[in-house]
>>> print(open('data_35.csv').read())   # CSV, C-alpha atoms
chain,number,residue,atom,x,y,z
A,1,MET,CA,0.0,0.0,0.0
A,2,PRO,CA,1.6,3.3,-1.0
A,3,GLU,CA,2.1,5.9,1.7
A,4,ALA,CA,2.4,9.7,1.4
A,5,SER,CA,5.6,10.0,3.5
A,6,GLY,CA,7.1,12.5,1.1
A,7,SER,CA,4.1,14.7,0.7
A,8,ARG,CA,3.9,18.4,1.4
A,9,PHE,CA,0.9,17.8,3.6
A,10,LEU,CA,2.7,15.4,6.0
A,11,LYS,CA,5.8,17.6,6.0
A,12,ALA,CA,3.6,20.4,7.3
A,13,LEU,CA,2.1,18.1,10.0
A,14,SER,CA,5.7,17.3,11.0
A,15,GLY,CA,6.4,21.0,11.7
A,16,GLU,CA,8.2,21.8,8.5
A,17,THR,CA,7.9,25.3,7.0
A,18,GLN,CA,7.8,25.1,3.2
A,19,THR,CA,8.2,27.7,0.5
A,20,VAL,CA,5.2,26.1,-1.3
A,21,PRO,CA,2.8,25.0,1.4
A,22,PRO,CA,0.3,22.2,0.8
A,23,VAL,CA,-3.3,23.0,-0.2
A,24,TRP,CA,-6.5,21.0,0.1
A,25,LEU,CA,-10.1,22.1,0.7
A,26,MET,CA,-12.8,21.1,3.1
A,27,ARG,CA,-15.7,19.7,1.1
A,28,GLN,CA,-13.5,19.5,-1.9
A,29,ALA,CA,-15.5,16.5,-3.1
A,30,GLY,CA,-19.2,17.5,-3.4
A,31,ARG,CA,-22.0,19.3,-5.1
A,32,TYR,CA,-20.0,22.0,-6.8
A,33,LEU,CA,-18.5,19.4,-9.1
A,34,PRO,CA,-20.6,18.2,-12.1
A,35,GLU,CA,-19.1,14.7,-12.0
A,36,TYR,CA,-20.2,14.4,-8.3
A,37,ARG,CA,-23.7,15.5,-9.2
A,38,ALA,CA,-23.9,12.9,-11.9
A,39,LEU,CA,-22.8,10.1,-9.7
A,40,ARG,CA,-24.9,11.3,-6.8
A,41,ALA,CA,-28.0,11.0,-9.0
A,42,GLN,CA,-27.5,7.3,-9.5
A,43,ALA,CA,-26.4,6.5,-5.9
A,44,GLY,CA,-29.8,6.5,-4.1
A,45,GLY,CA,-29.6,7.8,-0.5
A,46,PHE,CA,-26.6,9.8,0.8
A,47,LEU,CA,-25.7,7.1,3.3
A,48,ASP,CA,-25.8,4.6,0.4
A,49,LEU,CA,-23.2,6.7,-1.3
A,50,CYS,CA,-21.0,6.7,1.9
A,51,TYR,CA,-21.4,3.0,2.4
A,52,THR,CA,-20.7,1.9,-1.3
A,53,PRO,CA,-16.9,1.7,-1.7
A,54,ASP,CA,-16.9,1.9,-5.5
A,55,LEU,CA,-18.9,5.1,-5.4
A,56,ALA,CA,-17.3,6.6,-2.3
A,57,THR,CA,-13.8,5.9,-3.8
A,58,GLU,CA,-14.7,7.6,-7.0
A,59,VAL,CA,-16.1,10.7,-5.2
A,60,THR,CA,-13.0,11.0,-3.0
A,61,LEU,CA,-10.7,10.9,-6.1
A,62,GLN,CA,-12.7,13.3,-8.3
A,63,PRO,CA,-11.2,16.5,-7.0
A,64,ILE,CA,-7.7,15.0,-7.0
A,65,ARG,CA,-8.0,14.1,-10.7
A,66,ARG,CA,-9.3,17.6,-11.5
A,67,PHE,CA,-7.0,19.8,-9.4
A,68,ASP,CA,-3.4,19.5,-8.2
A,69,LEU,CA,-4.4,19.2,-4.5
A,70,ASP,CA,-2.0,17.8,-2.0
A,71,ALA,CA,-4.5,15.7,-0.1
A,72,ALA,CA,-7.7,13.7,-0.6
A,73,ILE,CA,-10.2,13.6,2.2
A,74,LEU,CA,-12.3,10.5,2.6
A,75,PHE,CA,-15.9,10.9,1.3
A,76,SER,CA,-18.1,10.0,4.3
A,77,ASP,CA,-20.0,11.9,7.0
A,78,ILE,CA,-19.5,12.6,10.7
A,79,LEU,CA,-22.9,11.0,11.4
A,80,VAL,CA,-21.8,7.5,10.5
A,81,VAL,CA,-20.6,7.3,14.1
A,82,PRO,CA,-24.1,7.7,15.7
A,83,HIS,CA,-25.4,5.4,13.0
A,84,ALA,CA,-22.9,2.7,14.0
A,85,LEU,CA,-24.0,3.3,17.7
A,86,GLY,CA,-27.5,2.3,16.7
A,87,GLN,CA,-29.2,5.6,16.3
A,88,ASP,CA,-31.4,6.1,13.2
A,89,VAL,CA,-29.8,8.5,10.8
A,90,ARG,CA,-31.2,9.7,7.5
A,91,PHE,CA,-30.6,12.5,5.1
A,92,VAL,CA,-33.5,14.5,3.7
A,93,GLU,CA,-32.9,16.0,0.3
A,94,GLY,CA,-32.6,19.8,0.5
A,95,GLU,CA,-32.8,19.7,4.3
A,96,GLY,CA,-29.8,17.8,5.6
A,97,PRO,CA,-29.5,15.1,8.3
A,98,ARG,CA,-32.3,13.9,10.5
A,99,LEU,CA,-31.9,11.7,13.6
A,100,ASP,CA,-34.4,10.4,16.1
A,101,PRO,CA,-33.6,12.8,19.0
A,102,LEU,CA,-32.3,11.5,22.3
A,103,ALA,CA,-34.5,13.4,24.7
A,104,SER,CA,-34.5,11.1,27.7
A,105,ARG,CA,-32.4,8.7,29.7
A,106,ALA,CA,-34.5,5.9,28.3
A,107,GLU,CA,-33.6,6.9,24.7
A,108,PHE,CA,-29.9,7.1,25.6
A,109,ALA,CA,-30.2,3.5,26.8
A,110,THR,CA,-31.1,2.4,23.3
A,111,LEU,CA,-27.6,3.1,22.0
A,112,LYS,CA,-25.0,0.4,21.7
A,113,PRO,CA,-22.4,0.4,24.5
A,114,GLU,CA,-19.7,0.6,21.9
A,115,ILE,CA,-19.4,1.4,18.2
A,116,ASP,CA,-20.1,-1.4,15.7
A,117,LEU,CA,-17.1,-1.2,13.4
A,118,GLY,CA,-18.7,-3.9,11.2
A,119,THR,CA,-21.3,-1.4,10.2
A,120,LEU,CA,-18.5,0.9,9.0
A,121,ALA,CA,-16.5,-1.8,7.2
A,122,PRO,CA,-17.4,-0.3,3.8
A,123,VAL,CA,-15.9,3.0,4.9
A,124,TYR,CA,-12.6,1.4,5.8
A,125,GLU,CA,-12.6,-0.5,2.5
A,126,THR,CA,-13.0,2.9,0.8
A,127,VAL,CA,-10.0,4.2,2.7
A,128,ALA,CA,-7.9,1.3,1.5
A,129,ARG,CA,-9.0,1.6,-2.1
A,130,VAL,CA,-8.3,5.4,-2.2
A,131,ARG,CA,-4.9,5.0,-0.6
A,132,ALA,CA,-4.0,2.3,-3.2
A,133,ALA,CA,-5.1,4.6,-6.0
A,134,LEU,CA,-3.4,7.8,-4.8
A,135,ASP,CA,0.1,8.9,-5.9
A,136,PRO,CA,2.5,8.7,-3.0
A,137,SER,CA,2.9,12.5,-3.2
A,138,LYS,CA,-0.8,12.9,-2.2
A,139,ALA,CA,-2.0,12.3,1.4
A,140,LEU,CA,-5.3,10.7,2.4
A,141,ILE,CA,-7.2,12.3,5.3
A,142,GLY,CA,-9.7,10.3,7.4
A,143,PHE,CA,-11.9,12.1,9.9
A,144,CYS,CA,-14.6,12.2,12.5
A,145,GLY,CA,-16.8,14.7,14.1
A,146,ALA,CA,-15.8,15.9,17.6
A,147,PRO,CA,-17.9,14.5,20.4
A,148,TYR,CA,-19.6,17.8,21.2
A,149,THR,CA,-20.7,18.4,17.6
A,150,VAL,CA,-21.9,14.8,17.0
A,151,ALA,CA,-23.7,15.0,20.4
A,152,THR,CA,-25.6,18.1,19.3
A,153,TYR,CA,-27.1,16.2,16.3
A,154,MET,CA,-27.8,13.1,18.4
A,155,VAL,CA,-29.7,15.1,21.0
A,156,GLY,CA,-31.4,17.7,18.8
A,157,GLY,CA,-32.1,15.4,15.8
A,158,ARG,CA,-30.8,18.0,13.4
A,159,GLY,CA,-28.7,21.1,13.0
A,160,GLY,CA,-30.1,24.3,14.4
A,161,GLU,CA,-29.5,27.7,15.9
A,162,GLU,CA,-26.8,27.3,18.6
A,163,GLN,CA,-27.7,23.6,18.8
A,164,ALA,CA,-29.8,24.6,21.8
A,165,PRO,CA,-31.3,21.1,22.8
A,166,ALA,CA,-27.8,19.7,23.5
A,167,ARG,CA,-26.7,22.8,25.4
A,168,LYS,CA,-29.8,22.7,27.5
A,169,LEU,CA,-29.2,19.0,28.3
A,170,ALA,CA,-25.6,19.7,29.3
A,171,TYR,CA,-26.8,22.4,31.7
A,172,ARG,CA,-29.8,20.5,33.1
A,173,ASP,CA,-28.3,17.0,33.3
A,174,PRO,CA,-24.5,17.1,33.1
A,175,PRO,CA,-24.0,13.4,34.0
A,176,THR,CA,-26.2,12.2,31.2
A,177,PHE,CA,-24.5,14.6,28.7
A,178,GLN,CA,-21.0,13.5,30.0
A,179,ALA,CA,-21.9,9.9,29.5
A,180,LEU,CA,-22.8,10.6,25.9
A,181,ILE,CA,-19.6,12.5,25.4
A,182,ASP,CA,-17.6,9.7,26.9
A,183,LEU,CA,-19.3,7.2,24.6
A,184,LEU,CA,-18.4,9.3,21.6
A,185,VAL,CA,-14.8,9.7,22.7
A,186,GLU,CA,-14.4,5.9,22.7
A,187,ALA,CA,-16.4,5.5,19.5
A,188,SER,CA,-14.6,8.3,17.6
A,189,ALA,CA,-11.1,7.0,18.6
A,190,ALA,CA,-12.0,3.5,17.4
A,191,HIS,CA,-13.3,5.0,14.1
A,192,LEU,CA,-10.2,7.0,13.6
A,193,LEU,CA,-7.9,4.1,14.4
A,194,ALA,CA,-9.7,1.9,11.9
A,195,GLN,CA,-9.2,4.5,9.2
A,196,LEU,CA,-5.5,4.8,10.0
A,197,GLU,CA,-5.2,1.0,10.0
A,198,ALA,CA,-6.9,1.0,6.6
A,199,GLY,CA,-4.4,3.4,5.1
A,200,ALA,CA,-5.3,7.0,6.1
A,201,ASP,CA,-2.2,9.1,6.5
A,202,ALA,CA,-3.7,11.5,8.9
A,203,VAL,CA,-7.1,12.2,10.5
A,204,GLN,CA,-9.0,15.4,11.2
A,205,ILE,CA,-11.5,16.0,14.0
A,206,PHE,CA,-14.2,18.5,13.1
A,207,ASP,CA,-15.8,20.5,15.9
A,208,SER,CA,-18.3,22.6,13.9
A,209,TRP,CA,-20.6,23.8,16.7
A,210,SER,CA,-18.5,24.3,19.8
A,211,GLY,CA,-17.6,28.0,19.0
A,212,ASP,CA,-20.9,29.2,20.6
A,213,LEU,CA,-19.9,27.6,23.9
A,214,PRO,CA,-18.8,29.9,26.8
A,215,PRO,CA,-15.1,29.4,27.7
A,216,ALA,CA,-15.6,27.0,30.6
A,217,GLU,CA,-18.1,24.8,28.7
A,218,PHE,CA,-15.9,25.0,25.6
A,219,MET,CA,-13.0,23.5,27.5
A,220,THR,CA,-15.2,20.8,29.1
A,221,TRP,CA,-17.3,19.7,26.1
A,222,SER,CA,-14.9,20.5,23.2
A,223,ALA,CA,-11.2,20.7,24.1
A,224,ALA,CA,-11.2,17.9,26.8
A,225,PRO,CA,-12.9,15.3,24.6
A,226,ILE,CA,-10.8,16.0,21.6
A,227,ALA,CA,-7.6,15.7,23.7
A,228,ALA,CA,-9.0,12.4,25.0
A,229,ILE,CA,-9.4,11.1,21.5
A,230,CYS,CA,-5.8,12.2,20.6
A,231,ALA,CA,-4.6,10.2,23.7
A,232,ARG,CA,-6.5,7.1,22.8
A,233,VAL,CA,-5.4,7.2,19.1
A,234,ARG,CA,-1.8,7.7,20.0
A,235,ALA,CA,-1.8,5.1,22.7
A,236,LYS,CA,-2.1,2.5,19.8
A,237,ARG,CA,-0.5,4.6,17.0
A,238,PRO,CA,2.1,6.8,18.7
A,239,GLY,CA,3.0,8.6,15.4
A,240,ALA,CA,-0.5,9.3,14.3
A,241,LYS,CA,-0.9,12.7,12.7
A,242,ILE,CA,-4.0,14.5,13.9
A,243,LEU,CA,-5.6,17.8,12.8
A,244,ALA,CA,-8.2,19.6,14.9
A,245,PHE,CA,-10.7,22.1,13.6
A,246,PRO,CA,-12.4,24.0,16.5
A,247,ARG,CA,-14.6,26.2,14.3
A,248,GLY,CA,-15.2,29.6,15.8
A,249,ALA,CA,-12.8,29.2,18.8
A,250,GLY,CA,-11.7,32.8,18.6
A,251,ALA,CA,-10.3,34.0,21.9
A,252,LYS,CA,-10.5,30.4,23.2
A,253,LEU,CA,-8.0,29.2,20.6
A,254,LYS,CA,-4.9,29.6,22.9
A,255,ALA,CA,-6.5,27.5,25.7
A,256,PHE,CA,-7.6,24.9,23.0
A,257,ALA,CA,-4.1,24.7,21.6
A,258,GLU,CA,-2.6,24.2,25.1
A,259,ALA,CA,-5.1,21.4,25.9
A,260,VAL,CA,-5.2,19.5,22.6
A,261,PRO,CA,-1.9,17.9,21.3
A,262,ALA,CA,-2.8,18.3,17.6
A,263,ASP,CA,-0.3,18.4,14.8
A,264,ALA,CA,-2.3,21.1,13.1
A,265,ILE,CA,-5.2,23.4,14.1
A,266,GLY,CA,-7.7,24.6,11.5
A,267,LEU,CA,-8.8,28.3,11.5
A,268,ALA,CA,-12.3,29.2,10.6
A,269,THR,CA,-13.0,32.1,8.2
A,270,ALA,CA,-13.4,34.8,10.8
A,271,GLU,CA,-10.4,33.9,12.9
A,272,ASP,CA,-7.7,36.6,13.2
A,273,ARG,CA,-4.6,34.9,11.7
A,274,ARG,CA,-2.1,37.1,13.5
A,275,ALA,CA,-3.8,36.4,16.8
A,276,ALA,CA,-3.8,32.7,16.0
A,277,ARG,CA,-0.1,32.6,15.3
A,278,GLU,CA,0.5,34.0,18.7
A,279,ALA,CA,-2.0,31.6,20.3
A,280,VAL,CA,-0.7,28.4,18.7
A,281,PRO,CA,2.8,27.0,19.3
A,282,ALA,CA,5.2,27.6,16.4
A,283,HIS,CA,5.8,23.9,15.7
A,284,VAL,CA,2.0,23.2,15.2
A,285,ALA,CA,0.8,23.8,11.7
A,286,LEU,CA,-2.0,26.2,11.1
A,287,GLN,CA,-4.6,25.3,8.5
A,288,GLY,CA,-6.9,27.8,6.7
A,289,ASN,CA,-8.5,30.1,6.3
A,290,VAL,CA,-9.4,31.5,2.9
A,291,ASP,CA,-13.0,32.8,2.9
A,292,PRO,CA,-15.2,30.3,1.0
A,293,ILE,CA,-17.2,33.2,-0.4
A,294,ALA,CA,-14.0,34.7,-1.8
A,295,LEU,CA,-13.5,31.3,-3.5
A,296,THR,CA,-17.0,31.6,-5.0
A,297,ALA,CA,-16.2,35.1,-6.2
A,298,GLY,CA,-12.9,34.3,-7.8
A,299,GLY,CA,-10.8,36.8,-9.7
A,300,SER,CA,-8.7,39.4,-7.9
A,301,ALA,CA,-10.6,38.9,-4.6
A,302,LEU,CA,-9.7,35.3,-4.4
A,303,ASP,CA,-6.0,36.0,-5.3
A,304,ALA,CA,-6.0,38.6,-2.5
A,305,ALA,CA,-7.5,36.2,0.0
A,306,VAL,CA,-4.9,33.5,-0.8
A,307,ASP,CA,-2.1,36.0,-0.7
A,308,GLY,CA,-3.3,37.2,2.7
A,309,VAL,CA,-3.0,33.7,4.2
A,310,LEU,CA,0.4,33.2,2.7
A,311,ALA,CA,1.6,36.6,3.9
A,312,ASP,CA,0.3,36.1,7.5
A,313,LEU,CA,1.2,32.4,8.0
A,314,GLY,CA,3.7,31.4,5.3
A,315,ASP,CA,6.7,31.7,7.6
A,316,ARG,CA,5.6,28.8,9.8
A,317,PRO,CA,4.1,25.3,9.1
A,318,LEU,CA,1.1,26.0,7.0
A,319,ILE,CA,-1.7,24.1,5.2
A,320,VAL,CA,-3.7,26.3,2.9
A,321,ASN,CA,-7.4,25.6,3.1
A,322,LEU,CA,-10.7,27.4,3.5
A,323,GLY,CA,-12.2,28.7,6.7
A,324,HIS,CA,-15.1,26.3,6.1
A,325,GLY,CA,-16.3,24.0,3.3
A,326,VAL,CA,-16.5,24.7,-0.5
A,327,ARG,CA,-19.9,26.2,-1.2
A,328,GLN,CA,-22.2,24.5,-3.7
A,329,GLU,CA,-22.3,27.4,-6.1
A,330,THR,CA,-18.5,27.6,-6.4
A,331,PRO,CA,-17.3,27.4,-10.0
A,332,PRO,CA,-14.7,24.6,-10.3
A,333,GLU,CA,-12.3,26.9,-12.2
A,334,HIS,CA,-12.0,29.0,-9.1
A,335,VAL,CA,-10.6,26.0,-7.2
A,336,ALA,CA,-8.0,25.6,-9.9
A,337,GLN,CA,-7.3,29.4,-9.6
A,338,MET,CA,-6.7,29.0,-5.8
A,339,VAL,CA,-4.4,26.0,-6.2
A,340,ALA,CA,-2.4,27.8,-8.9
A,341,ARG,CA,-2.1,30.9,-6.7
A,342,VAL,CA,-0.6,28.8,-3.9
A,343,ARG,CA,1.8,27.1,-6.3
A,344,ARG,CA,3.1,30.3,-7.9
A,345,ARG,CA,4.8,31.0,-4.6
A,346,SER,CA,7.6,28.8,-5.9
>>> encode(input="data_35.csv", output="structure tokens")
Amino acid sequence: MPEASGSRFLKALSGETQTVPPVWLMRQAGRYLPEYRALRAQAGGFLDLCYTPDLATEVTLQPIRRFDLDAAILFSDILVVPHALGQDVRFVEGEGPRLDPLASRAEFATLKPEIDLGTLAPVYETVARVRAALDPSKALIGFCGAPYTVATYMVGGRGGEEQAPARKLAYRDPPTFQALIDLLVEASAAHLLAQLEAGADAVQIFDSWSGDLPPAEFMTWSAAPIAAICARVRAKRPGAKILAFPRGAGAKLKAFAEAVPADAIGLATAEDRRAAREAVPAHVALQGNVDPIALTAGGSALDAAVDGVLADLGDRPLIVNLGHGVRQETPPEHVAQMVARVRRRS
């Protein structure tokens, strides 16, 4: 199985500053690509697409074939973890994920005591197939959702403003919410380890909803569980490369970086890059944070956005990315423009 040991991406995760930093994009495989839309139309449900290795492999590789990106990210979803814990998960076209909400202790008791990795076997087969198909210069990223973010969907049944149902549960019944977080720490670590065993070169932990938490709750429900996942993964794979994306951390970023032993920390669109470089140790790579709307706009605005990231962060380990995912309306040629703008730094 080929590995990406010489890739720009893994060099950045090892603390190397590079004249030409690596570039990849969150949601780089998805609805903005016509080839994805064509395949999605024949796949049936979204989870069917995630659990069909032939199709998921193709989707993962589509942006690598089209653009000179430094890393592929597994095509899957953060909600395969609650699905493998026994919660009903479905995706409604045009509306997003729907789960049967966990609103009582009795409903929590319906979950499996540990993740069923057999349910996720097709995901790990996809990882192996993608790694075998990738050039050694390209890295493969596996991922999971952070326990807090996944818990918000499990409790609320869907995304929503401030993910209020989960936050209310955390305030009203901390032991029950802690038990769910603990279950997700173990399940997420097992899921990441299985991806690494299957051939992923690194893994990213997405915490999309924790930015709204007050500082104390942020450390309890976001930073501490992510740190626990890192510890469990590295107990079995000491050299594992881990990226963390605490979207919207803002002023809490320094405390997060001190608590979480990540090899890279992703910056959301609104993060102050100069403040971030002061908050995060110099050996830890920073990832981000071109505005996805600038990518949609293209032209000189996109060039300026890319140049700003390179100017602010290019003298330290850096992975150029967006501050969030590629938007559906993004013209594919703008992605090519962004990659070319990074490459011209040579």
>>> closest_atom_pairs(input="data_35.csv", of="segment 71-186 of chain A", to="segment 237-247 of chain A", cutoff="10 Å", atoms="all atoms listed in the file", output="CSV")
residue,atom,partner,partner_atom,distance
A:Ile141,CA,A:Ile242,CA,9.4
A:Gly142,CA,A:Ile242,CA,9.6
A:Phe143,CA,A:Leu243,CA,9.0
A:Gly145,CA,A:Phe245,CA,9.6
A:Ala146,CA,A:Pro246,CA,8.9
>>> write_last_selection(input="data_35.csv", atoms="C-alpha atoms", output="compact mmCIF listing (two decimals), in the frame of the given file")
# COMPACT_ATOMS: atom_id res chain seq x y z
CA ILE A 141 -7.20 12.30 5.30
CA GLY A 142 -9.70 10.30 7.40
CA PHE A 143 -11.90 12.10 9.90
CA GLY A 145 -16.80 14.70 14.10
CA ALA A 146 -15.80 15.90 17.60
>>> residues_around(input="data_35.csv", residues="Glu217 of chain A", least_positions_apart="4", cutoff="12 Å", atoms="all atoms listed in the file", output="JSON, numbers by chain")
{"A": [148, 167, 168, 170, 171, 174, 178, 210, 211, 212, 213, 221, 222, 223, 224, 225, 252, 256]}
>>> closest_residue(input="data_35.csv", among="A:Arg105, A:Val81, A:Val150, A:Arg273", to="Leu192 of chain A", atoms="only C-alpha atoms")
A:Val81
>>> residues_around(input="data_35.csv", residues="Arg40 of chain A", least_positions_apart="5", cutoff="12 Å", atoms="all atoms listed in the file", output="list in words")
Ala29, Gly30, Arg31, Tyr32, Leu33, Pro34, Glu35, Gly45, Phe46, Leu47, Asp48, Leu49, Cys50, Thr52, Leu55, Ala56, Glu58, Val59 and Glu93 of chain A
>>> write_last_selection(input="data_35.csv", atoms="C-alpha atoms", output="tab-separated table (two decimals), in the coordinates of the input")
chain	number	residue	atom	x	y	z
A	29	ALA	CA	-15.50	16.50	-3.10
A	30	GLY	CA	-19.20	17.50	-3.40
A	31	ARG	CA	-22.00	19.30	-5.10
A	32	TYR	CA	-20.00	22.00	-6.80
A	33	LEU	CA	-18.50	19.40	-9.10
A	34	PRO	CA	-20.60	18.20	-12.10
A	35	GLU	CA	-19.10	14.70	-12.00
A	45	GLY	CA	-29.60	7.80	-0.50
A	46	PHE	CA	-26.60	9.80	0.80
A	47	LEU	CA	-25.70	7.10	3.30
A	48	ASP	CA	-25.80	4.60	0.40
A	49	LEU	CA	-23.20	6.70	-1.30
A	50	CYS	CA	-21.00	6.70	1.90
A	52	THR	CA	-20.70	1.90	-1.30
A	55	LEU	CA	-18.90	5.10	-5.40
A	56	ALA	CA	-17.30	6.60	-2.30
A	58	GLU	CA	-14.70	7.60	-7.00
A	59	VAL	CA	-16.10	10.70	-5.20
A	93	GLU	CA	-32.90	16.00	0.30
>>> residues_around(input="data_35.csv", residues="Arg27 of chain A", least_positions_apart="5", cutoff="12 Å", atoms="only C-alpha atoms", output="ChimeraX atom specification")
/A:32-33,36,59-60,62-63,71-77,292,321-328,330,335
>>> write_last_selection(input="data_35.csv", atoms="C-alpha atoms", output="PDB file, in the coordinates of the input")
ATOM      1  CA  TYR A  32     -20.000  22.000  -6.800  1.00  0.00           C
ATOM      2  CA  LEU A  33     -18.500  19.400  -9.100  1.00  0.00           C
ATOM      3  CA  TYR A  36     -20.200  14.400  -8.300  1.00  0.00           C
ATOM      4  CA  VAL A  59     -16.100  10.700  -5.200  1.00  0.00           C
ATOM      5  CA  THR A  60     -13.000  11.000  -3.000  1.00  0.00           C
ATOM      6  CA  GLN A  62     -12.700  13.300  -8.300  1.00  0.00           C
ATOM      7  CA  PRO A  63     -11.200  16.500  -7.000  1.00  0.00           C
ATOM      8  CA  ALA A  71      -4.500  15.700  -0.100  1.00  0.00           C
ATOM      9  CA  ALA A  72      -7.700  13.700  -0.600  1.00  0.00           C
ATOM     10  CA  ILE A  73     -10.200  13.600   2.200  1.00  0.00           C
ATOM     11  CA  LEU A  74     -12.300  10.500   2.600  1.00  0.00           C
ATOM     12  CA  PHE A  75     -15.900  10.900   1.300  1.00  0.00           C
ATOM     13  CA  SER A  76     -18.100  10.000   4.300  1.00  0.00           C
ATOM     14  CA  ASP A  77     -20.000  11.900   7.000  1.00  0.00           C
ATOM     15  CA  PRO A 292     -15.200  30.300   1.000  1.00  0.00           C
ATOM     16  CA  ASN A 321      -7.400  25.600   3.100  1.00  0.00           C
ATOM     17  CA  LEU A 322     -10.700  27.400   3.500  1.00  0.00           C
ATOM     18  CA  GLY A 323     -12.200  28.700   6.700  1.00  0.00           C
ATOM     19  CA  HIS A 324     -15.100  26.300   6.100  1.00  0.00           C
ATOM     20  CA  GLY A 325     -16.300  24.000   3.300  1.00  0.00           C
ATOM     21  CA  VAL A 326     -16.500  24.700  -0.500  1.00  0.00           C
ATOM     22  CA  ARG A 327     -19.900  26.200  -1.200  1.00  0.00           C
ATOM     23  CA  GLN A 328     -22.200  24.500  -3.700  1.00  0.00           C
ATOM     24  CA  THR A 330     -18.500  27.600  -6.400  1.00  0.00           C
ATOM     25  CA  VAL A 335     -10.600  26.000  -7.200  1.00  0.00           C
TER      26      VAL A 335
END
>>> atom_distance(input="data_35.csv", atom1="atom CA of Ile265 of chain A", atom2="atom CA of Pro82 of chain A")
24.6 Å
>>> residues_around(input="data_35.csv", residues="Arg277 of chain A", least_positions_apart="2", cutoff="9 Å", atoms="only C-alpha atoms", output="list of chain:residue names")
A:Asp272, A:Arg273, A:Arg274, A:Ala275, A:Ala279, A:Val280, A:Pro281, A:Ala282, A:Leu286, A:Asp312, A:Leu313, A:Arg316
>>> atom_distance(input="data_35.csv", atom1="atom CA of Gly266 of chain A", atom2="atom CA of Gly288 of chain A")
5.8 Å
>>> closest_residue(input="data_35.csv", among="A:Val185, A:Ala109, A:Met154, A:Ile293", to="Val89 of chain A", atoms="all atoms listed in the file")
A:Met154
>>> build_atoms(input="data_35.csv", residues="segment 147-158 of chain A", atoms="N, CA, C and O atoms", output="tab-separated table (two decimals), in the coordinates of the input")
chain	number	residue	atom	x	y	z
A	147	PRO	N	-16.76	14.94	19.58
A	147	PRO	CA	-17.90	14.50	20.40
A	147	PRO	C	-18.97	15.52	20.62
A	147	PRO	O	-20.16	15.20	20.55
A	148	TYR	N	-18.58	16.76	20.90
A	148	TYR	CA	-19.60	17.80	21.20
A	148	TYR	C	-20.49	17.98	19.93
A	148	TYR	O	-21.73	17.97	20.02
A	149	THR	N	-19.87	18.17	18.78
A	149	THR	CA	-20.70	18.40	17.60
A	149	THR	C	-21.56	17.24	17.25
A	149	THR	O	-22.75	17.41	16.93
A	150	VAL	N	-21.04	16.02	17.32
A	150	VAL	CA	-21.90	14.80	17.00
A	150	VAL	C	-23.00	14.73	18.06
A	150	VAL	O	-24.15	14.43	17.72
A	151	ALA	N	-22.69	15.02	19.33
A	151	ALA	CA	-23.70	15.00	20.40
A	151	ALA	C	-24.85	15.94	20.10
A	151	ALA	O	-26.01	15.64	20.39
A	152	THR	N	-24.53	17.11	19.54
A	152	THR	CA	-25.60	18.10	19.30
A	152	THR	C	-26.62	17.54	18.28
A	152	THR	O	-27.82	17.80	18.41
A	153	TYR	N	-26.14	16.79	17.29
A	153	TYR	CA	-27.10	16.20	16.30
A	153	TYR	C	-27.83	15.02	16.98
A	153	TYR	O	-29.02	14.83	16.71
A	154	MET	N	-27.16	14.26	17.80
A	154	MET	CA	-27.80	13.10	18.40
A	154	MET	C	-28.93	13.55	19.38
A	154	MET	O	-29.98	12.92	19.46
A	155	VAL	N	-28.71	14.64	20.09
A	155	VAL	CA	-29.70	15.10	21.00
A	155	VAL	C	-30.80	15.92	20.34
A	155	VAL	O	-31.98	15.74	20.62
A	156	GLY	N	-30.41	16.79	19.43
A	156	GLY	CA	-31.40	17.70	18.80
A	156	GLY	C	-32.07	17.04	17.58
A	156	GLY	O	-33.13	17.51	17.16
A	157	GLY	N	-31.46	16.01	17.00
A	157	GLY	CA	-32.10	15.40	15.80
A	157	GLY	C	-31.77	16.07	14.52
A	157	GLY	O	-32.12	15.56	13.46
A	158	ARG	N	-31.11	17.21	14.58
A	158	ARG	CA	-30.80	18.00	13.40
A	158	ARG	C	-29.92	19.16	13.75
A	158	ARG	O	-29.69	19.42	14.92
